[in-house]
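With PDB, C-alpha atoms inside, this is model15.pdb:
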```
ATOM      1  CA  MET A   1       0.000   0.000   0.000
ATOM      2  CA  THR A   2       2.669   2.387   1.050
ATOM      3  CA  LEU A   3       4.664   1.627  -2.024
ATOM      4  CA  ALA A   4       1.663   2.080  -4.307
ATOM      5  CA  ALA A   5       0.714   5.370  -2.653
ATOM      6  CA  ASP A   6       4.291   6.602  -2.982
ATOM      7  CA  SER A   7       4.359   5.674  -6.629
ATOM      8  CA  ASN A   8       1.077   7.544  -7.216
ATOM      9  CA  ALA A   9       2.338  10.605  -5.384
ATOM     10  CA  GLY A  10       5.459  10.575  -7.541
ATOM     11  CA  ALA A  11       3.534  10.646 -10.840
ATOM     12  CA  ALA A  12       3.386  14.246 -12.051
ATOM     13  CA  PRO A  13      -0.155  15.385 -12.938
ATOM     14  CA  ALA A  14      -0.627  15.942 -16.661
ATOM     15  CA  THR A  15      -0.162  19.602 -17.479
ATOM     16  CA  ILE A  16      -0.264  21.803 -20.544
ATOM     17  CA  ARG A  17       1.080  25.283 -21.105
ATOM     18  CA  VAL A  18      -1.338  27.986 -22.269
ATOM     19  CA  ASN A  19       0.168  31.328 -23.278
ATOM     20  CA  GLY A  20       3.228  30.554 -21.218
ATOM     21  CA  VAL A  21       1.363  29.476 -18.061
ATOM     22  CA  ASP A  22       1.262  25.853 -16.896
ATOM     23  CA  GLU A  23      -2.127  24.413 -15.983
ATOM     24  CA  PRO A  24      -3.623  20.949 -15.422
ATOM     25  CA  LEU A  25      -4.771  19.197 -18.556
ATOM     26  CA  ALA A  26      -8.541  19.316 -18.055
ATOM     27  CA  ALA A  27      -9.858  19.482 -21.626
ATOM     28  CA  GLY A  28      -9.893  16.634 -24.115
ATOM     29  CA  THR A  29      -9.660  18.802 -27.205
ATOM     30  CA  LEU A  30      -8.411  22.221 -28.207
ATOM     31  CA  GLY A  31     -12.019  23.206 -28.889
ATOM     32  CA  GLU A  32     -13.019  22.402 -25.300
ATOM     33  CA  LEU A  33     -10.068  24.310 -23.887
ATOM     34  CA  LEU A  34     -10.922  27.392 -25.952
ATOM     35  CA  ALA A  35     -14.665  27.169 -25.303
ATOM     36  CA  ALA A  36     -13.950  27.168 -21.557
ATOM     37  CA  ARG A  37     -12.333  30.572 -22.161
ATOM     38  CA  GLY A  38     -15.221  31.859 -24.211
ATOM     39  CA  ILE A  39     -13.455  31.435 -27.525
ATOM     40  CA  VAL A  40     -15.522  29.651 -30.155
ATOM     41  CA  PRO A  41     -14.878  29.157 -33.885
ATOM     42  CA  GLY A  42     -15.740  32.394 -35.647
ATOM     43  CA  ALA A  43     -14.237  34.541 -32.870
ATOM     44  CA  ARG A  44     -12.932  37.579 -34.745
ATOM     45  CA  GLY A  45      -9.209  38.076 -34.863
ATOM     46  CA  VAL A  46      -8.215  35.081 -32.759
ATOM     47  CA  ALA A  47      -5.571  32.621 -33.875
ATOM     48  CA  VAL A  48      -4.298  29.520 -32.107
ATOM     49  CA  ALA A  49      -1.126  27.477 -32.357
ATOM     50  CA  LEU A  50      -0.515  24.059 -30.853
ATOM     51  CA  ASP A  51       3.110  23.027 -30.403
ATOM     52  CA  GLY A  52       4.280  25.631 -32.896
ATOM     53  CA  THR A  53       1.719  24.883 -35.602
ATOM     54  CA  VAL A  54      -1.285  27.064 -36.385
ATOM     55  CA  VAL A  55      -4.587  25.214 -35.947
ATOM     56  CA  PRO A  56      -7.402  26.682 -38.076
ATOM     57  CA  ALA A  57     -10.661  27.268 -36.202
ATOM     58  CA  ALA A  58     -12.363  24.537 -38.219
ATOM     59  CA  ASP A  59      -9.982  21.997 -36.696
ATOM     60  CA  TRP A  60     -10.210  23.096 -33.044
ATOM     61  CA  ALA A  61     -12.950  20.612 -32.118
ATOM     62  CA  GLY A  62     -11.108  17.663 -33.607
ATOM     63  CA  THR A  63      -7.673  18.438 -32.180
ATOM     64  CA  ARG A  64      -6.859  16.306 -29.122
ATOM     65  CA  LEU A  65      -4.638  17.660 -26.355
ATOM     66  CA  ALA A  66      -1.778  15.587 -24.988
ATOM     67  CA  PRO A  67       0.160  16.190 -21.753
ATOM     68  CA  GLY A  68       2.882  18.746 -22.309
ATOM     69  CA  ALA A  69       1.003  20.506 -25.115
ATOM     70  CA  GLU A  70       1.988  24.129 -25.666
ATOM     71  CA  ILE A  71      -0.823  26.386 -26.794
ATOM     72  CA  GLU A  72      -0.624  29.973 -27.968
ATOM     73  CA  ILE A  73      -3.820  32.033 -28.241
ATOM     74  CA  VAL A  74      -3.253  35.420 -29.881
ATOM     75  CA  ARG A  75      -5.033  38.395 -31.365
ATOM     76  CA  PRO A  76      -4.058  41.705 -32.961
ATOM     77  CA  PHE A  77      -2.945  44.380 -30.556
ATOM     78  CA  GLN A  78      -1.542  47.891 -30.869
ATOM     79  CA  GLY A  79       1.719  47.873 -32.798
ATOM     80  CA  GLY A  80       4.114  49.946 -34.854
TER      81      GLY A  80
ATOM     82  CA  MET B   1       0.430  62.705 -64.318
ATOM     83  CA  GLU B   2      -0.916  59.868 -62.224
ATOM     84  CA  ASP B   3       1.281  58.877 -59.304
ATOM     85  CA  VAL B   4       0.411  55.327 -58.343
ATOM     86  CA  PHE B   5       1.835  53.696 -55.240
ATOM     87  CA  GLU B   6       1.693  49.943 -55.542
ATOM     88  CA  ILE B   7       2.914  47.077 -53.372
ATOM     89  CA  ALA B   8       2.528  43.473 -54.523
ATOM     90  CA  GLY B   9      -0.052  44.495 -57.109
ATOM     91  CA  ARG B  10      -2.187  46.479 -54.682
ATOM     92  CA  GLN B  11      -2.592  50.221 -55.179
ATOM     93  CA  PHE B  12      -2.753  52.783 -52.415
ATOM     94  CA  GLY B  13      -3.717  56.447 -52.481
ATOM     95  CA  SER B  14      -1.631  57.378 -49.447
ATOM     96  CA  ARG B  15       2.122  57.025 -49.156
ATOM     97  CA  LEU B  16       1.995  57.246 -45.381
ATOM     98  CA  LEU B  17       1.622  54.058 -43.348
ATOM     99  CA  ILE B  18       1.059  54.472 -39.642
ATOM    100  CA  GLY B  19       1.330  52.445 -36.458
ATOM    101  CA  SER B  20      -1.336  51.947 -33.808
ATOM    102  CA  SER B  21       0.821  51.864 -30.675
ATOM    103  CA  GLY B  22       1.379  54.219 -27.783
ATOM    104  CA  TYR B  23      -1.349  56.825 -28.242
ATOM    105  CA  PRO B  24      -2.763  58.497 -25.111
ATOM    106  CA  ASN B  25      -6.096  56.748 -25.734
ATOM    107  CA  ARG B  26      -8.155  55.183 -28.490
ATOM    108  CA  GLN B  27     -10.088  58.337 -29.385
ATOM    109  CA  VAL B  28      -6.870  60.236 -29.967
ATOM    110  CA  MET B  29      -5.523  57.324 -31.973
ATOM    111  CA  MET B  30      -8.570  57.152 -34.217
ATOM    112  CA  ALA B  31      -8.459  60.943 -34.737
ATOM    113  CA  ALA B  32      -4.755  60.737 -35.598
ATOM    114  CA  LEU B  33      -5.249  57.862 -38.042
ATOM    115  CA  GLU B  34      -8.009  59.835 -39.719
ATOM    116  CA  ALA B  35      -5.863  62.971 -39.938
ATOM    117  CA  SER B  36      -2.907  61.019 -41.349
ATOM    118  CA  GLY B  37      -4.885  59.928 -44.390
ATOM    119  CA  ALA B  38      -3.156  56.543 -44.104
ATOM    120  CA  GLU B  39      -4.859  53.462 -45.491
ATOM    121  CA  VAL B  40      -2.465  50.940 -43.951
ATOM    122  CA  VAL B  41      -2.220  50.621 -40.154
ATOM    123  CA  THR B  42       0.258  48.299 -38.465
ATOM    124  CA  VAL B  43      -0.706  46.072 -35.543
ATOM    125  CA  SER B  44       1.177  43.551 -33.437
ATOM    126  CA  ILE B  45       0.160  39.985 -32.626
ATOM    127  CA  ARG B  46       0.080  39.244 -28.921
ATOM    128  CA  ARG B  47      -1.190  36.631 -26.506
ATOM    129  CA  ILE B  48      -4.750  37.334 -25.458
ATOM    130  CA  SER B  49      -5.369  38.268 -21.885
ATOM    131  CA  LEU B  50      -6.877  35.237 -20.239
ATOM    132  CA  ASP B  51      -8.583  37.514 -17.716
ATOM    133  CA  GLY B  52     -11.380  38.571 -19.987
ATOM    134  CA  TYR B  53     -12.507  40.158 -23.199
ATOM    135  CA  ALA B  54     -10.980  43.367 -24.450
ATOM    136  CA  GLU B  55     -12.052  45.253 -27.543
ATOM    137  CA  SER B  56      -9.977  44.021 -30.442
ATOM    138  CA  MET B  57      -8.069  46.189 -32.897
ATOM    139  CA  LEU B  58     -10.076  44.348 -35.506
ATOM    140  CA  ASP B  59     -13.371  45.519 -34.015
ATOM    141  CA  LEU B  60     -12.006  49.042 -33.842
ATOM    142  CA  MET B  61     -10.386  49.337 -37.250
ATOM    143  CA  GLY B  62     -11.330  46.377 -39.417
ATOM    144  CA  GLY B  63     -13.006  47.558 -42.599
ATOM    145  CA  ARG B  64     -11.761  51.146 -42.242
ATOM    146  CA  TYR B  65      -8.071  50.383 -42.615
ATOM    147  CA  VAL B  66      -5.862  47.735 -44.125
ATOM    148  CA  LEU B  67      -4.319  46.106 -41.068
ATOM    149  CA  LEU B  68      -0.691  45.151 -41.551
ATOM    150  CA  PRO B  69       0.457  42.737 -38.826
ATOM    151  CA  ASN B  70       4.032  42.963 -37.633
ATOM    152  CA  THR B  71       6.307  40.424 -35.985
ATOM    153  CA  ALA B  72       7.659  42.933 -33.469
ATOM    154  CA  GLY B  73       9.530  41.396 -30.585
ATOM    155  CA  CYS B  74      10.611  38.303 -32.499
ATOM    156  CA  GLN B  75      14.307  37.490 -32.234
ATOM    157  CA  THR B  76      14.549  34.448 -34.483
ATOM    158  CA  ALA B  77      13.290  33.495 -37.923
ATOM    159  CA  ARG B  78      11.358  30.645 -36.303
ATOM    160  CA  GLU B  79       9.438  32.973 -33.958
ATOM    161  CA  ALA B  80       8.777  35.445 -36.745
ATOM    162  CA  VAL B  81       7.479  32.782 -39.128
ATOM    163  CA  LEU B  82       5.072  31.404 -36.514
ATOM    164  CA  THR B  83       3.910  34.934 -35.679
ATOM    165  CA  ALA B  84       3.298  35.629 -39.373
ATOM    166  CA  ARG B  85       1.289  32.428 -39.719
ATOM    167  CA  LEU B  86      -0.773  33.322 -36.637
ATOM    168  CA  ALA B  87      -1.304  36.806 -38.042
ATOM    169  CA  ARG B  88      -2.512  35.341 -41.310
ATOM    170  CA  GLU B  89      -5.025  33.220 -39.436
ATOM    171  CA  ALA B  90      -6.131  36.055 -37.135
ATOM    172  CA  LEU B  91      -6.461  38.766 -39.768
ATOM    173  CA  GLN B  92      -7.003  36.761 -42.936
ATOM    174  CA  THR B  93      -4.111  38.525 -44.609
ATOM    175  CA  ASP B  94      -0.954  37.205 -46.169
ATOM    176  CA  TRP B  95       0.776  40.566 -45.742
ATOM    177  CA  VAL B  96       3.324  40.895 -42.965
ATOM    178  CA  LYS B  97       5.700  43.563 -41.725
ATOM    179  CA  LEU B  98       8.592  41.283 -40.890
ATOM    180  CA  GLU B  99      10.700  42.281 -37.900
ATOM    181  CA  VAL B 100      13.442  40.100 -36.491
ATOM    182  CA  ILE B 101      15.314  42.016 -33.843
ATOM    183  CA  GLY B 102      18.947  41.209 -33.100
ATOM    184  CA  ASP B 103      19.779  43.736 -30.405
ATOM    185  CA  ALA B 104      17.613  44.759 -27.471
ATOM    186  CA  GLU B 105      19.337  48.116 -27.037
ATOM    187  CA  THR B 106      19.211  49.478 -30.581
ATOM    188  CA  LEU B 107      16.401  47.231 -31.892
ATOM    189  CA  HIS B 108      18.490  46.704 -34.994
ATOM    190  CA  PRO B 109      17.369  43.898 -37.293
ATOM    191  CA  ASP B 110      19.158  40.548 -37.307
ATOM    192  CA  VAL B 111      19.927  40.394 -41.020
ATOM    193  CA  GLU B 112      20.701  36.692 -41.167
ATOM    194  CA  GLN B 113      17.471  35.688 -39.421
ATOM    195  CA  LEU B 114      15.494  38.296 -41.346
ATOM    196  CA  LEU B 115      16.646  36.949 -44.678
ATOM    197  CA  ARG B 116      15.896  33.385 -43.639
ATOM    198  CA  ALA B 117      12.387  34.308 -42.461
ATOM    199  CA  THR B 118      11.772  36.280 -45.665
ATOM    200  CA  GLU B 119      12.693  33.295 -47.834
ATOM    201  CA  GLU B 120      10.493  30.970 -45.814
ATOM    202  CA  LEU B 121       7.466  33.262 -45.799
ATOM    203  CA  VAL B 122       7.769  34.157 -49.489
ATOM    204  CA  ALA B 123       7.783  30.412 -50.235
ATOM    205  CA  GLU B 124       4.510  30.145 -48.275
ATOM    206  CA  GLY B 125       2.924  32.893 -50.361
ATOM    207  CA  PHE B 126       3.254  35.780 -47.925
ATOM    208  CA  LYS B 127       3.698  39.357 -49.093
ATOM    209  CA  VAL B 128       6.713  40.181 -46.978
ATOM    210  CA  LEU B 129       7.669  43.746 -46.017
ATOM    211  CA  PRO B 130      10.876  43.400 -44.021
ATOM    212  CA  TYR B 131      12.053  46.069 -41.597
ATOM    213  CA  CYS B 132      15.774  46.186 -42.316
ATOM    214  CA  ASN B 133      19.049  48.052 -42.015
ATOM    215  CA  ASP B 134      19.836  51.038 -44.214
ATOM    216  CA  ASP B 135      22.257  48.843 -46.085
ATOM    217  CA  PRO B 136      22.009  48.507 -49.884
ATOM    218  CA  VAL B 137      23.341  44.943 -49.853
ATOM    219  CA  THR B 138      20.800  43.761 -47.278
ATOM    220  CA  CYS B 139      18.000  45.490 -49.170
ATOM    221  CA  ARG B 140      19.103  43.908 -52.447
ATOM    222  CA  LYS B 141      19.241  40.440 -50.886
ATOM    223  CA  LEU B 142      15.770  40.880 -49.399
ATOM    224  CA  ALA B 143      14.384  42.048 -52.739
ATOM    225  CA  ASP B 144      16.069  39.117 -54.497
ATOM    226  CA  ALA B 145      14.489  36.789 -51.919
ATOM    227  CA  GLY B 146      11.065  38.010 -53.017
ATOM    228  CA  ALA B 147      10.226  40.747 -50.513
ATOM    229  CA  ALA B 148       7.278  42.842 -51.736
ATOM    230  CA  ALA B 149       9.010  45.983 -50.447
ATOM    231  CA  VAL B 150      12.006  46.794 -48.291
ATOM    232  CA  MET B 151      11.720  48.984 -45.225
ATOM    233  CA  PRO B 152      15.092  50.378 -44.185
ATOM    234  CA  LEU B 153      15.324  52.266 -40.916
ATOM    235  CA  GLY B 154      16.023  55.993 -40.884
ATOM    236  CA  SER B 155      17.358  55.679 -37.330
ATOM    237  CA  PRO B 156      16.525  53.424 -34.370
ATOM    238  CA  ILE B 157      12.865  52.669 -33.656
ATOM    239  CA  GLY B 158      11.245  55.352 -31.534
ATOM    240  CA  SER B 159      14.394  57.520 -31.466
ATOM    241  CA  GLY B 160      13.033  60.427 -33.492
ATOM    242  CA  LEU B 161      16.530  61.015 -34.855
ATOM    243  CA  GLY B 162      15.270  61.230 -38.422
ATOM    244  CA  ILE B 163      17.319  59.874 -41.310
ATOM    245  CA  CYS B 164      20.871  59.389 -40.073
ATOM    246  CA  ASN B 165      22.255  58.155 -43.364
ATOM    247  CA  PRO B 166      20.395  59.916 -46.180
ATOM    248  CA  ARG B 167      22.973  58.934 -48.804
ATOM    249  CA  ALA B 168      22.459  55.255 -48.064
ATOM    250  CA  ILE B 169      18.684  55.650 -48.296
ATOM    251  CA  GLU B 170      19.034  57.519 -51.590
ATOM    252  CA  HIS B 171      21.346  54.816 -52.891
ATOM    253  CA  ILE B 172      18.905  52.053 -51.888
ATOM    254  CA  CYS B 173      16.009  53.875 -53.558
ATOM    255  CA  ALA B 174      17.988  54.240 -56.778
ATOM    256  CA  ARG B 175      19.049  50.607 -56.972
ATOM    257  CA  ILE B 176      16.311  48.402 -55.507
ATOM    258  CA  GLY B 177      13.578  47.156 -57.808
ATOM    259  CA  VAL B 178      10.826  47.011 -55.169
ATOM    260  CA  PRO B 179       9.215  49.884 -53.262
ATOM    261  CA  VAL B 180      11.373  51.350 -50.506
ATOM    262  CA  ILE B 181       9.430  52.363 -47.411
ATOM    263  CA  LEU B 182      11.341  54.394 -44.848
ATOM    264  CA  ASP B 183      10.515  52.761 -41.537
ATOM    265  CA  ALA B 184      11.559  53.901 -38.086
ATOM    266  CA  GLY B 185      13.272  56.974 -36.721
ATOM    267  CA  ILE B 186      11.042  59.699 -38.155
ATOM    268  CA  GLY B 187      10.785  62.535 -35.639
ATOM    269  CA  THR B 188       8.910  65.279 -37.415
ATOM    270  CA  ALA B 189       7.337  66.222 -40.731
ATOM    271  CA  SER B 190      10.578  67.392 -42.374
ATOM    272  CA  ASP B 191      12.054  63.912 -41.814
ATOM    273  CA  ALA B 192       9.103  62.387 -43.670
ATOM    274  CA  ALA B 193       9.500  64.925 -46.471
ATOM    275  CA  LEU B 194      13.224  64.153 -46.726
ATOM    276  CA  ALA B 195      12.510  60.426 -47.023
ATOM    277  CA  MET B 196      10.274  61.096 -49.992
ATOM    278  CA  GLU B 197      12.750  63.555 -51.536
ATOM    279  CA  LEU B 198      15.427  60.873 -51.343
ATOM    280  CA  GLY B 199      13.230  58.643 -53.473
ATOM    281  CA  CYS B 200      11.339  56.506 -50.970
ATOM    282  CA  SER B 201       7.983  55.216 -52.151
ATOM    283  CA  ALA B 202       6.382  55.677 -48.751
ATOM    284  CA  VAL B 203       6.992  56.289 -45.058
ATOM    285  CA  LEU B 204       5.946  54.163 -42.089
ATOM    286  CA  LEU B 205       5.935  55.847 -38.702
ATOM    287  CA  ASN B 206       4.302  55.537 -35.308
ATOM    288  CA  THR B 207       5.990  57.125 -32.300
ATOM    289  CA  ALA B 208       6.457  60.576 -33.836
ATOM    290  CA  VAL B 209       2.678  60.897 -34.060
ATOM    291  CA  ALA B 210       1.589  58.822 -31.055
ATOM    292  CA  LYS B 211       3.884  60.640 -28.616
ATOM    293  CA  ALA B 212       3.511  64.140 -30.058
ATOM    294  CA  ASP B 213       1.793  66.697 -27.821
ATOM    295  CA  ASP B 214      -1.054  66.777 -30.328
ATOM    296  CA  PRO B 215      -1.121  63.476 -32.236
ATOM    297  CA  PRO B 216      -3.877  64.370 -34.741
ATOM    298  CA  ALA B 217      -2.100  67.636 -35.642
ATOM    299  CA  MET B 218       1.226  65.835 -36.066
ATOM    300  CA  ALA B 219      -0.505  63.167 -38.148
ATOM    301  CA  ARG B 220      -1.710  65.881 -40.518
ATOM    302  CA  ALA B 221       1.772  67.391 -40.608
ATOM    303  CA  MET B 222       3.200  63.993 -41.554
ATOM    304  CA  ARG B 223       0.611  63.581 -44.282
ATOM    305  CA  LEU B 224       1.523  66.962 -45.739
ATOM    306  CA  GLY B 225       5.247  66.273 -45.291
ATOM    307  CA  VAL B 226       4.984  63.039 -47.250
ATOM    308  CA  GLU B 227       2.940  64.724 -49.972
ATOM    309  CA  ALA B 228       5.329  67.687 -50.190
ATOM    310  CA  GLY B 229       8.367  65.426 -50.322
ATOM    311  CA  ARG B 230       6.837  63.292 -53.034
ATOM    312  CA  LEU B 231       5.874  66.340 -55.097
ATOM    313  CA  ALA B 232       9.370  67.771 -54.715
ATOM    314  CA  ARG B 233      10.948  64.493 -55.745
ATOM    315  CA  ARG B 234       8.841  64.285 -58.869
ATOM    316  CA  ALA B 235       9.280  67.981 -59.663
ATOM    317  CA  GLY B 236      13.061  67.513 -59.750
ATOM    318  CA  ARG B 237      15.148  69.575 -57.379
ATOM    319  CA  ILE B 238      17.878  71.925 -58.591
ATOM    320  CA  PRO B 239      21.491  70.800 -58.252
ATOM    321  CA  ARG B 240      23.467  71.911 -55.207
ATOM    322  CA  LEU B 241      26.129  74.512 -56.023
ATOM    323  CA  ASP B 242      29.062  75.679 -53.984
ATOM    324  CA  ARG B 243      28.622  79.256 -55.178
ATOM    325  CA  ALA B 244      25.797  81.780 -55.561
ATOM    326  CA  GLU B 245      23.719  81.950 -58.706
ATOM    327  CA  PRO B 246      21.816  85.260 -59.056
ATOM    328  CA  SER B 247      18.102  84.700 -59.368
ATOM    329  CA  SER B 248      17.383  88.130 -60.891
ATOM    330  CA  PRO B 249      18.487  89.035 -64.474
ATOM    331  CA  GLN B 250      21.941  90.579 -64.761
ATOM    332  CA  LEU B 251      20.914  92.756 -67.742
ATOM    333  CA  GLY B 252      19.393  96.235 -67.501
ATOM    334  CA  LEU B 253      20.806  96.942 -64.080
ATOM    335  CA  ILE B 254      20.294 100.560 -62.971
ATOM    336  CA  GLY B 255      23.507 102.575 -63.153
ATOM    337  CA  THR B 256      25.207 100.461 -65.836
TER     338      THR B 256
END
```

Starting from the coordinates I provided, produce the structure as structure tokens.
Amino acid sequence: MTLAADSNAGAAPATIRVNGVDEPLAAGTLGELLAARGIVPGARGVAVALDGTVVPAADWAGTRLAPGAEIEIVRPFQGG
Amino acid sequence: MEDVFEIAGRQFGSRLLIGSSGYPNRQVMMAALEASGAEVVTVSIRRISLDGYAESMLDLMGGRYVLLPNTAGCQTAREAVLTARLAREALQTDWVKLEVIGDAETLHPDVEQLLRATEELVAEGFKVLPYCNDDPVTCRKLADAGAAAVMPLGSPIGSGLGICNPRAIEHICARIGVPVILDAGIGTASDAALAMELGCSAVLLNTAVAKADDPPAMARAMRLGVEAGRLARRAGRIPRLDRAEPSSPQLGLIGT
């Protein structure tokens, strides 16, 4: 028992990184992760990359998230 | 005679491109953009705030202006290429003002990375407008790589020092086969006029207007400076002489 509990405690919880911040992996797909933040396909001016590759909005729902995934969610901002 | 300004097959009425950063507030910015007469407005691509919704530049300006995304802040070709791809997705444009910065102090471009990113993005069908050094060789290489325009700096970004090396800019304008847009360093309207007199196709500026005491008034001054400089360029200036040349007739002088 003790051994099993120790081994469980040693297993790192699955995390992902969203805009540079680590968080537990709670969503199954990119679409779910974005929807939880109020971002749905058709959101104006939003673009998303997963592990360095742009994912078009049409593919958000079908894109599964794995532990360690790095997600960037961006939009246009003031710039020169 | 018609004076068409064209980049990558697209025509523009204004030869002034303007940035959207650092204005006191959005009303002042919108008034300044209006007064500038610019059609193209640059924007950056940044991570969204995960705290909540903020009005997007797209909501504010989409439809009224052509938004030109930049890759400001990128230090490698890899970062810049990803930023350009994200910008294309976010703004539905394949135009990009390509910035790859090699020095945090001077914000000078990293030529090697810039060239690499230009080649990669051109191959993906982007219309690439690289912000670059005032170096004829760099500009030629970027043009050869397929850049839609080259955008040499007048002086460091935000410095307001004007055009530090006018002869280099003039040389670039005379030799490069794509539009030359003077980008960065403009401090006041005479700097913008000089850029056009040297042969630039257009001027891109931001800080000189955004941080002026009266941004809309400075935006108008820049518009007029660009127009005056362009007119002067096309009118053909007189040669510089190292002696006087009387402007009044030397015949019929009283007392002769």

Q) Leaving out Thr118 of chain B and any residue of its chain fewer than 6 positions from it, which residues lie within 8 Å of it when counting all atoms listed in the file, given as a ChimeraX atom specification? A) /B:98,128,130,142,145-147

What does the file look like for those residues with C-alpha atoms, as a PDB file, in the frame of the given file?
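Result saved to selection_1.pdb:
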```pdb
ATOM      1  CA  LEU B  98       8.592  41.283 -40.890  1.00  0.00           C
ATOM      2  CA  VAL B 128       6.713  40.181 -46.978  1.00  0.00           C
ATOM      3  CA  PRO B 130      10.876  43.400 -44.021  1.00  0.00           C
ATOM      4  CA  LEU B 142      15.770  40.880 -49.399  1.00  0.00           C
ATOM      5  CA  ALA B 145      14.489  36.789 -51.919  1.00  0.00           C
ATOM      6  CA  GLY B 146      11.065  38.010 -53.017  1.00  0.00           C
ATOM      7  CA  ALA B 147      10.226  40.747 -50.513  1.00  0.00           C
TER       8      ALA B 147
END
```

Q) For the atom pair atom CA of Glu227 of chain B and atom CA of Val203 of chain B, what is the interatomic distance in Å to one decimal place? A)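 Spanning atom CA of Glu227 of chain B to atom CA of Val203 of chain B is a straight-line distance of 10.6 Å.
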
Q: Write out as a PyMOL selection string every residue belonging to chain A that has an atom at most 9 Å from any atom of chain B, counting only C-alpha atoms.
A: chain A and resi 19+37-38+44-49+52-57+72-80

Q) In Å, how far is it from atom CA of Leu107 of chain B to atom CA of Val209 of chain B? A) 19.5 Å

Q: Would you mind telling me which residue in B:Asp242, B:Glu6, B:Glu124, B:Glu119 lies nearest to Ile181 of chain B when using all atoms listed in the file?
A: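 When distances to Ile181 of chain B are compared using all atoms listed in the file, the smallest one comes from B:Glu6.
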